[in-house]
>>> print(open('work.cif').read())   # mmCIF, C-alpha atoms and all ligand atoms
data_run
#
loop_
_atom_site.label_atom_id
_atom_site.label_comp_id
_atom_site.auth_asym_id
_atom_site.auth_seq_id
_atom_site.Cartn_x
_atom_site.Cartn_y
_atom_site.Cartn_z
CA MET A 852 -118.10 174.58 101.15
CA ILE A 853 -118.31 178.33 101.18
CA ILE A 854 -114.84 179.47 100.18
CA ASN A 855 -113.74 177.37 97.22
CA ASN A 856 -111.06 179.37 95.42
CA SER A 857 -109.01 182.55 95.35
CA LEU A 858 -111.88 184.52 93.82
CA ASP A 859 -114.09 183.63 96.78
CA GLU A 860 -111.28 184.80 99.04
CA VAL A 861 -111.06 188.12 97.22
CA LYS A 862 -114.85 188.53 97.57
CA LYS A 863 -114.88 187.76 101.28
CA ARG A 864 -112.00 190.19 101.81
CA GLU A 865 -113.89 192.93 99.95
CA ASN A 866 -116.88 192.28 102.16
CA ALA A 867 -114.76 192.43 105.33
CA LEU A 868 -113.39 195.80 104.23
CA SER A 869 -116.96 197.07 103.58
CA ILE A 870 -117.94 195.99 107.09
CA ILE A 871 -114.92 197.80 108.54
CA LYS A 872 -115.75 200.94 106.54
CA ASN A 873 -119.33 200.82 107.75
CA ILE A 874 -118.25 200.54 111.40
CA VAL A 875 -115.82 203.45 111.03
CA GLU A 876 -118.50 205.62 109.34
CA THR A 877 -121.44 204.80 111.58
CA LYS A 878 -119.81 204.26 114.97
CA GLY A 879 -116.19 205.41 114.70
CA ARG A 880 -112.71 203.87 114.66
CA ASN A 881 -112.91 203.25 118.43
CA PHE A 882 -115.43 200.49 117.79
CA LEU A 883 -112.87 198.42 115.90
CA PHE A 884 -110.32 196.18 117.61
CA ASP A 885 -107.57 195.09 115.27
CA LEU A 886 -106.06 191.99 116.87
CA THR A 887 -104.28 190.72 113.75
CA GLY A 888 -100.86 191.81 115.03
CA LEU A 889 -100.49 193.41 111.60
CA SER A 890 -102.35 196.57 112.32
CA GLY A 891 -99.51 198.56 110.83
CA GLY A 892 -99.89 202.27 110.79
CA PHE A 893 -98.68 205.33 108.99
CA ILE A 894 -97.00 207.73 111.35
CA VAL A 895 -96.00 210.97 109.63
CA ASN A 896 -95.44 214.52 110.64
CA PRO A 897 -97.31 217.02 108.37
CA SER A 898 -94.03 218.85 107.70
CA GLU A 899 -92.59 215.65 106.23
CA LEU A 900 -95.42 215.26 103.72
CA SER A 901 -94.26 218.10 101.49
CA LEU A 902 -90.97 216.26 100.92
CA LEU A 903 -92.66 213.20 99.45
CA GLU A 904 -91.62 213.89 95.89
CA THR A 905 -90.26 211.22 93.56
CA TYR A 906 -86.60 212.15 94.02
CA VAL A 907 -86.56 214.42 97.05
CA GLY A 908 -88.36 211.80 99.18
CA PRO A 909 -85.78 209.02 98.78
CA ALA A 910 -82.93 211.51 99.11
CA ILE A 911 -84.08 212.46 102.58
CA PHE A 912 -85.85 209.43 103.98
CA GLU A 913 -83.80 206.57 102.53
CA ASP A 914 -80.74 208.20 103.94
CA ALA A 915 -82.32 208.54 107.39
CA LEU A 916 -83.54 204.93 107.14
CA GLN A 917 -79.96 203.66 106.75
CA GLU A 918 -79.08 204.61 110.29
CA VAL A 919 -82.38 203.70 111.96
CA GLY A 920 -82.79 200.50 109.91
CA ILE A 921 -79.26 199.25 110.66
CA GLU A 922 -79.85 199.86 114.34
CA HIS A 923 -83.05 197.78 114.15
CA MET A 924 -81.76 194.99 111.90
CA GLY A 925 -77.96 195.00 112.14
CA GLY A 926 -75.92 194.54 108.96
CA GLU A 927 -73.99 197.06 106.88
CA LYS A 928 -76.74 198.46 104.65
CA VAL A 929 -80.54 198.35 104.47
CA LEU A 930 -82.89 198.29 101.49
CA PRO A 931 -86.60 199.20 101.79
CA LEU A 932 -88.98 197.06 99.74
CA ASN A 933 -92.63 197.00 98.79
CA ARG A 934 -93.17 193.83 100.83
CA THR A 935 -91.16 191.09 102.50
CA SER A 936 -92.29 188.83 99.65
CA SER A 937 -90.68 191.29 97.20
CA GLY A 938 -87.37 191.03 99.06
CA ILE A 939 -87.50 187.24 99.07
CA LEU A 940 -88.25 187.24 95.34
CA ALA A 941 -85.43 189.71 94.57
CA THR A 942 -82.91 187.73 96.64
CA ILE A 943 -83.77 184.49 94.86
CA LEU A 944 -83.73 186.17 91.42
CA SER A 945 -80.27 187.55 92.24
CA LEU A 946 -78.54 184.65 93.96
CA VAL A 947 -80.19 181.43 92.78
CA ASN A 948 -79.45 179.74 89.45
CA GLU A 949 -81.69 177.40 87.52
CA ASN A 950 -81.31 173.75 88.66
CA SER A 951 -79.38 174.71 91.78
CA ASN A 952 -80.66 173.82 95.27
CA VAL A 953 -82.25 176.05 97.88
CA VAL A 954 -82.59 174.58 101.38
CA HIS A 955 -84.73 176.08 104.13
CA TYR A 956 -84.88 175.39 107.85
CA LEU A 957 -87.76 176.67 109.98
CA ALA A 958 -89.22 175.91 113.41
CA LYS A 959 -92.46 174.61 111.97
CA LEU A 960 -93.83 174.14 108.45
CA PRO A 961 -95.27 175.72 106.37
CA ALA A 962 -92.86 178.27 104.94
CA HIS A 963 -94.18 181.55 103.62
CA PRO A 964 -95.44 180.77 100.08
CA SER A 965 -93.26 183.48 98.51
CA ILE A 966 -90.20 181.24 99.12
CA PRO A 967 -91.26 178.12 97.17
CA ARG A 968 -93.00 180.28 94.54
CA SER A 969 -89.84 182.32 93.88
CA CYS A 970 -87.73 179.14 93.65
CA LYS A 971 -90.18 177.71 91.15
CA LEU A 972 -89.97 180.88 89.07
CA VAL A 973 -86.18 180.56 88.64
CA GLY A 974 -86.32 176.77 88.17
CA ALA A 975 -84.44 175.91 91.39
CA ASN A 976 -84.94 172.75 93.46
CA TYR A 977 -86.44 173.69 96.81
CA PHE A 978 -86.18 171.66 100.03
CA GLU A 979 -87.61 172.60 103.40
CA THR A 980 -87.71 170.92 106.79
CA ASP A 981 -88.67 171.67 110.38
CA ILE A 982 -86.66 168.71 111.70
CA PHE A 983 -83.20 169.94 112.56
CA GLU A 984 -81.57 166.49 112.35
CA GLU A 985 -82.84 166.16 108.78
CA PHE A 986 -81.47 169.50 107.62
CA LYS A 987 -78.69 168.91 105.07
CA ILE A 988 -76.96 171.15 102.58
CA PRO A 989 -76.44 169.17 99.36
CA ASP A 990 -73.87 169.97 96.66
CA ASN A 991 -74.86 172.63 94.17
CA THR A 992 -76.75 174.68 96.78
CA SER A 993 -76.95 178.38 95.95
CA LEU A 994 -78.89 179.69 98.95
CA VAL A 995 -79.69 178.62 102.51
CA ILE A 996 -82.84 180.11 104.04
CA ILE A 997 -83.78 180.30 107.71
CA THR A 998 -87.15 181.52 109.00
CA GLY A 999 -86.71 183.30 112.32
CA SER A 1000 -90.37 183.18 113.31
CA THR A 1001 -93.06 181.53 111.20
CA MET A 1002 -96.39 182.99 110.03
CA ASP A 1003 -97.94 181.44 113.16
CA HIS A 1004 -95.13 182.89 115.32
CA GLN A 1005 -93.20 179.69 116.00
CA VAL A 1006 -89.71 180.84 116.90
CA ILE A 1007 -86.50 179.05 115.93
CA ASP A 1008 -84.03 177.82 118.56
CA GLU A 1009 -81.02 180.16 118.58
CA ASN A 1010 -78.46 177.34 118.69
CA GLU A 1011 -80.00 175.70 115.65
CA PHE A 1012 -80.01 179.11 113.99
CA LYS A 1013 -76.26 179.45 114.57
CA GLN A 1014 -75.53 175.91 113.46
CA VAL A 1015 -77.38 176.31 110.15
CA ILE A 1016 -75.41 179.49 109.46
CA GLU A 1017 -72.15 177.69 110.25
CA MET A 1018 -73.04 174.77 108.00
CA ALA A 1019 -73.78 177.17 105.14
CA HIS A 1020 -70.67 179.26 105.61
CA GLU A 1021 -68.42 176.20 105.72
CA LYS A 1022 -69.54 175.72 102.11
CA ASN A 1023 -69.42 179.44 101.27
CA ILE A 1024 -73.17 179.59 100.69
CA PRO A 1025 -75.05 182.80 101.56
CA VAL A 1026 -77.80 182.71 104.19
CA LEU A 1027 -81.09 184.59 103.85
CA VAL A 1028 -83.21 184.98 106.99
CA ASP A 1029 -86.95 185.50 106.65
CA ASP A 1030 -87.38 187.45 109.88
CA ALA A 1031 -90.80 188.95 109.00
CA SER A 1032 -92.01 189.04 112.60
CA GLY A 1033 -88.87 187.46 114.05
CA ALA A 1034 -86.73 190.59 113.90
CA ARG A 1035 -88.77 191.82 116.87
CA LEU A 1036 -90.27 188.66 118.36
CA ARG A 1037 -87.00 186.76 118.58
CA THR A 1038 -84.93 189.64 119.81
CA VAL A 1039 -87.32 191.31 122.25
CA VAL A 1040 -89.33 188.43 123.65
CA TYR A 1041 -86.75 185.63 123.40
CA ASN A 1042 -83.59 187.73 123.86
CA GLN A 1043 -82.03 186.29 120.72
CA LYS A 1044 -79.50 188.21 118.66
CA LYS A 1045 -80.32 190.07 115.46
CA ALA A 1046 -80.05 187.78 112.42
CA CYS A 1047 -77.14 189.77 110.95
CA ASP A 1048 -75.30 189.62 114.27
CA LEU A 1049 -75.67 185.84 114.21
CA GLY A 1050 -73.91 185.86 110.84
CA ALA A 1051 -76.78 185.99 108.36
CA ASP A 1052 -75.75 187.54 105.05
CA ILE A 1053 -79.23 188.93 104.35
CA ALA A 1054 -82.26 189.35 106.64
CA ILE A 1055 -85.70 190.74 105.85
CA THR A 1056 -88.44 191.94 108.15
CA SER A 1057 -92.05 193.04 107.58
CA THR A 1058 -92.51 196.60 108.76
CA ASP A 1059 -96.17 196.12 109.71
CA LYS A 1060 -95.63 193.10 111.94
CA LEU A 1061 -95.56 193.78 115.67
CA MET A 1062 -94.59 197.39 114.99
CA PRO A 1063 -96.50 200.53 114.01
CA GLY A 1064 -95.31 200.69 110.40
CA PRO A 1065 -96.79 200.35 106.92
CA ARG A 1066 -96.89 197.09 105.01
CA GLY A 1067 -93.43 196.82 103.55
CA GLY A 1068 -90.19 194.89 103.73
CA LEU A 1069 -86.90 196.02 105.17
CA MET A 1070 -83.82 194.10 104.08
CA ALA A 1071 -80.45 194.35 105.79
CA GLY A 1072 -77.13 192.62 105.29
CA ARG A 1073 -73.73 192.65 103.68
CA VAL A 1074 -73.25 195.62 101.45
CA GLU A 1075 -72.09 193.77 98.31
CA LEU A 1076 -75.08 191.42 98.43
CA ILE A 1077 -77.53 194.23 99.17
CA ASP A 1078 -76.16 196.13 96.16
CA GLN A 1079 -76.48 193.09 93.91
CA ILE A 1080 -80.08 192.52 95.07
CA LYS A 1081 -80.89 196.22 94.77
CA VAL A 1082 -80.22 196.05 91.04
CA LYS A 1083 -82.95 193.41 90.61
CA VAL A 1084 -85.23 195.28 92.99
CA ASN A 1085 -85.02 198.42 90.85
CA GLN A 1086 -85.22 196.52 87.55
CA PHE A 1087 -88.51 194.92 88.58
CA GLY A 1088 -90.02 197.75 90.61
CA LEU A 1089 -89.94 195.93 93.92
CA GLU A 1090 -88.62 198.85 95.97
CA ALA A 1091 -90.63 200.73 98.58
CA GLN A 1092 -91.89 204.11 97.37
CA PRO A 1093 -91.10 207.34 99.27
CA PRO A 1094 -94.33 207.50 101.37
CA VAL A 1095 -93.76 203.95 102.58
CA VAL A 1096 -90.09 204.63 103.30
CA LEU A 1097 -91.08 207.62 105.42
CA ALA A 1098 -93.65 205.61 107.37
CA MET A 1099 -91.16 202.74 107.85
CA LEU A 1100 -88.67 205.16 109.29
CA ASN A 1101 -91.23 206.57 111.75
CA GLY A 1102 -92.63 203.12 112.50
CA ILE A 1103 -89.23 201.82 113.58
CA LYS A 1104 -88.59 204.96 115.63
CA ASN A 1105 -91.93 204.40 117.40
CA PHE A 1106 -91.49 200.69 117.94
CA ASN A 1107 -92.03 200.00 121.62
CA GLU A 1108 -90.44 196.87 123.08
CA ASP A 1109 -92.52 197.13 126.26
CA ASN A 1110 -95.73 196.50 124.31
CA LEU A 1111 -94.38 193.16 123.10
CA ILE A 1112 -93.22 192.19 126.57
CA LYS A 1113 -96.57 193.15 128.13
CA SER A 1114 -98.51 191.10 125.59
CA PHE A 1115 -96.18 188.18 126.25
CA LYS A 1116 -97.43 188.18 129.85
CA ARG A 1117 -101.10 189.00 129.19
CA LYS A 1118 -101.59 186.17 126.73
CA ASP A 1119 -101.42 183.61 129.59
CA GLU A 1120 -104.41 185.27 131.22
CA LEU A 1121 -106.44 185.17 128.00
CA PHE A 1122 -105.41 181.57 127.37
CA ASP A 1123 -106.60 180.51 130.85
CA LEU A 1124 -109.95 182.24 130.37
CA LEU A 1125 -110.53 180.63 126.97
CA SER A 1126 -109.47 177.22 128.22
CA GLN A 1127 -112.43 177.14 130.60
CA LYS A 1128 -114.67 176.55 127.58
CA PHE A 1129 -112.36 175.46 124.76
CA ASN A 1130 -109.78 172.67 124.52
CA ASN A 1131 -107.97 173.70 121.39
CA PHE A 1132 -106.60 177.20 121.75
CA GLU A 1133 -102.82 177.48 121.70
CA LYS A 1134 -100.52 180.19 122.96
CA THR A 1135 -98.44 182.29 120.58
CA PRO A 1136 -95.64 184.50 121.95
CA THR A 1137 -97.92 187.55 122.02
CA GLY A 1138 -101.44 186.14 122.06
CA VAL A 1139 -103.51 183.04 121.46
CA MET A 1140 -104.63 181.22 118.34
CA ILE A 1141 -106.79 178.39 117.11
CA THR A 1142 -106.11 176.71 113.78
CA ALA A 1143 -108.99 175.90 111.43
CA GLU A 1144 -108.50 172.16 112.06
CA LYS A 1145 -108.62 172.64 115.82
CA LEU A 1146 -111.64 174.91 115.56
CA ALA A 1147 -113.45 172.12 113.71
CA CYS A 1148 -112.78 169.84 116.72
CA GLU A 1149 -114.65 172.28 118.96
CA ILE A 1150 -117.85 172.06 116.90
CA SER A 1151 -120.29 169.41 118.04
CA THR A 1152 -123.11 170.07 115.54
CA SER A 1153 -123.09 168.27 112.19
CA HIS A 1154 -122.36 170.29 109.04
CA ASN A 1155 -120.83 170.15 105.53
CA LEU A 1156 -118.36 172.99 105.85
CA SER A 1157 -114.59 172.77 105.45
CA ASP A 1158 -112.32 173.59 108.39
CA ASN A 1159 -111.25 176.82 106.73
CA ASP A 1160 -114.90 177.81 106.15
CA LEU A 1161 -115.50 177.53 109.89
CA ALA A 1162 -112.57 179.86 110.59
CA PHE A 1163 -113.77 182.35 107.98
CA ILE A 1164 -117.31 182.39 109.41
CA LEU A 1165 -116.10 182.83 113.00
CA SER A 1166 -113.80 185.63 111.90
CA PHE A 1167 -116.77 187.40 110.22
CA ILE A 1168 -119.00 186.97 113.29
CA LEU A 1169 -116.29 188.52 115.47
CA LEU A 1170 -116.01 191.42 113.04
CA LYS A 1171 -119.72 192.05 112.49
CA ASP A 1172 -120.90 191.63 116.07
CA TYR A 1173 -117.95 193.06 117.99
CA GLY A 1174 -115.68 194.91 115.55
CA ILE A 1175 -112.86 192.44 116.28
CA ILE A 1176 -110.55 192.12 113.27
CA THR A 1177 -108.73 188.79 112.75
CA ILE A 1178 -106.81 187.63 109.68
CA PRO A 1179 -109.21 185.08 108.12
CA ALA A 1180 -111.74 187.85 107.31
CA VAL A 1181 -109.31 190.43 105.94
CA GLY A 1182 -106.37 188.31 104.71
CA MET A 1183 -105.18 188.03 101.12
CA PRO A 1184 -105.95 184.86 99.15
CA GLY A 1185 -103.81 182.03 100.50
CA ALA A 1186 -103.27 183.65 103.90
CA SER A 1187 -103.45 181.36 106.91
CA ALA A 1188 -107.00 180.65 108.17
CA THR A 1189 -105.72 180.42 111.75
CA ILE A 1190 -107.64 182.76 114.05
CA ARG A 1191 -105.11 184.63 116.12
CA PHE A 1192 -105.84 187.16 118.83
CA ASP A 1193 -102.67 189.19 119.11
CA LEU A 1194 -102.32 191.37 122.18
CA SER A 1195 -99.26 193.35 121.13
CA THR A 1196 -100.84 196.24 119.25
CA THR A 1197 -102.61 199.38 120.42
CA ASP A 1198 -106.22 198.23 120.08
CA ALA A 1199 -105.56 195.27 122.39
CA PHE A 1200 -104.49 197.53 125.25
CA ASN A 1201 -108.01 198.95 125.40
CA LEU A 1202 -109.60 195.55 125.78
CA ASN A 1203 -110.57 193.95 129.04
CA LEU A 1204 -109.61 190.29 128.69
CA ASN A 1205 -112.71 189.00 130.50
CA ASP A 1206 -114.80 190.96 128.08
CA LEU A 1207 -112.80 189.70 125.09
CA ASN A 1208 -113.21 186.13 126.32
CA LYS A 1209 -117.00 186.57 126.53
CA LYS A 1210 -117.10 188.00 123.00
CA ILE A 1211 -115.12 185.06 121.65
CA GLU A 1212 -117.38 182.60 123.49
CA SER A 1213 -120.56 184.15 122.22
CA SER A 1214 -119.23 184.39 118.64
CA PHE A 1215 -118.39 180.71 118.84
CA ASP A 1216 -121.89 179.87 120.15
CA LYS A 1217 -123.34 181.74 117.21
CA LEU A 1218 -121.08 179.84 114.79
CA GLN A 1219 -122.19 176.56 116.34
CA SER A 1220 -125.86 177.50 116.00
CA ILE A 1221 -125.62 178.28 112.27
CA VAL A 1222 -123.14 175.72 110.88
CA SER A 1223 -125.85 173.42 109.60
CA ASN A 1224 -127.44 176.30 107.67
CA GLU A 1225 -125.12 176.90 104.72
CA GLU A 1226 -127.17 179.77 103.27
CA LYS A 1227 -126.96 181.67 106.52
CA CYS A 1228 -123.21 181.05 106.69
CA LYS A 1229 -122.73 182.38 103.15
CA GLU A 1230 -124.70 185.46 104.06
CA ILE A 1231 -122.39 186.16 106.99
CA VAL A 1232 -119.26 185.89 104.86
CA PHE A 1233 -120.37 187.55 101.63
CA THR A 1234 -122.95 190.20 102.59
CA PHE A 1235 -122.70 193.09 104.96
C1 LIG B 1 -95.80 187.90 106.71
C2 LIG B 1 -94.69 187.02 106.35
C3 LIG B 1 -94.06 187.14 105.09
C4 LIG B 1 -94.54 188.05 103.99
O1 LIG B 1 -94.76 189.40 104.29
P1 LIG B 1 -95.50 190.29 103.17
O2 LIG B 1 -95.39 191.67 103.70
O3 LIG B 1 -96.91 189.82 103.15
O4 LIG B 1 -94.84 190.08 101.89
C5 LIG B 1 -92.99 186.30 104.83
N1 LIG B 1 -92.56 185.42 105.73
C6 LIG B 1 -93.12 185.27 106.96
C7 LIG B 1 -92.56 184.28 107.93
C8 LIG B 1 -94.21 186.07 107.30
O5 LIG B 1 -94.78 185.94 108.51
#
>>> encode(input="work.cif", output="structure tokens")
Amino acid sequence: MIINNSLDEVKKRENALSIIKNIVETKGRNFLFDLTGLSGGFIVNPSELSLLETYVGPAIFEDALQEVGIEHMGGEKVLPLNRTSSGILATILSLVNENSNVVHYLAKLPAHPSIPRSCKLVGANYFETDIFEEFKIPDNTSLVIITGSTMDHQVIDENEFKQVIEMAHEKNIPVLVDDASGARLRTVVYNQKKACDLGADIAITSTDKLMPGPRGGLMAGRVELIDQIKVKVNQFGLEAQPPVVLAMLNGIKNFNEDNLIKSFKRKDELFDLLSQKFNNFEKTPTGVMITAEKLACEISTSHNLSDNDLAFILSFILLKDYGIITIPAVGMPGASATIRFDLSTTDAFNLNLNDLNKKIESSFDKLQSIVSNEEKCKEIVFTF
């Protein structure tokens, strides 16, 4: 095993960032291809920078965000947060009592870890399922959660979405929607309604997912709930700071639906190319992916590595040899080790898919040729 704990994950991430820095400094940003789908961005106009003061910034940009954010998310009021995880934590701190139940329905497990972790923090009982027929709302439930689109971009069925909301509202229980990528994926690619328009009381999206914004969370919903949650957000310092609010505002304004729709079509082409050599790639709405477990099935040489190790090593080969950024190399500890090639962001438009396919094939061949040599594998992940 190469990656054994969170410290190892921090170390590999530091190394990935050093490799990225080195590519930018020696070759230039054009030699990097961020295919994470989380490439984010920080669009600002120089004239806006001078307004980024502690109190002037929010006065101007939070106000502007109300209009633009409500248009994007629906609801009556929006609240910008440091991350989606911060919004989930604040909602649970505000609405969930100790020993009460929180039930969560999503298209496919696992849930984002911030949900069970926050429930644990307040001492609530947490239940989750991806089987609609098994979804029940027991007595003493304080919050119902729905994930619109999972971390691996599995999208919920809109009828099930509506039915869960109805079940909750029959019992007067508020509904929180984790719509991190779903706020765009569901609505643009699957023509579903905005979570708030479907009746959700609170919805949160990640402003760096499938849009050119900074890492942050944008919450929308019913004004009295947003206000109640905002109190906790401010008490614990979970709010987005003025520079992030500004970049969120500009990110939403620059969000381009056509890019998502184009990637929805192009992913079939990439999938067909990859399937000539591999059996285990899967389509996502805007790209392709291979889980660590499925990657292990592709390897025919014997080795002692874990499935996740294989994904980490492949992700580093892609980065070092071709400047292709995927989540396993750069992700935070605990992030999914699935290798996803997302075609929805700017860098992907400059890639020829035949060429990308060849780069993935040759990175895989390299992985296969070194798996039995653990020292060499460590070197790839931890040194640059
Ligand atoms: C990314 C993601 C989150 C968390 O977003 P952060 O910005 O990392 O806090 C939560 N839920 C889902 C479904 C996600 O995909």
>>> residues_around(input="work.cif", residues="Pro1184 of chain A", least_positions_apart="5", cutoff="12 Å", atoms="all atoms listed in the file", output="list in words")
Ile854, Asn855, Asn856, Ser857, Leu858, Asp859, Glu860, Val861, Lys862, Lys863, Arg864, Glu865, Pro964, Ile1178 and Pro1179 of chain A
>>> residues_near_ligand(input="work.cif", ligand="ligand LIG 1 (chain B)", cutoff="10 Å", atoms="all atoms listed in the file", output="NGL selection string")
:A and (889 or 932-940 or 957 or 961-966 or 997-1005 or 1028-1033 or 1055-1060 or 1065-1069 or 1182-1183 or 1186-1187)
>>> atom_distance(input="work.cif", atom1="atom CA of Leu1027 of chain A", atom2="atom CA of Ile996 of chain A")
4.8 Å
>>> atom_distance(input="work.cif", atom1="atom CA of Val1074 of chain A", atom2="atom CA of Leu946 of chain A")
14.3 Å
>>> atom_distance(input="work.cif", atom1="atom CA of Glu876 of chain A", atom2="atom CA of Asn1101 of chain A")
27.4 Å
>>> closest_residue(input="work.cif", among="A:Ile1112, A:Leu944, A:Leu1218, A:Leu1170", to="Ala867 of chain A", atoms="all atoms listed in the file")
A:Leu1170
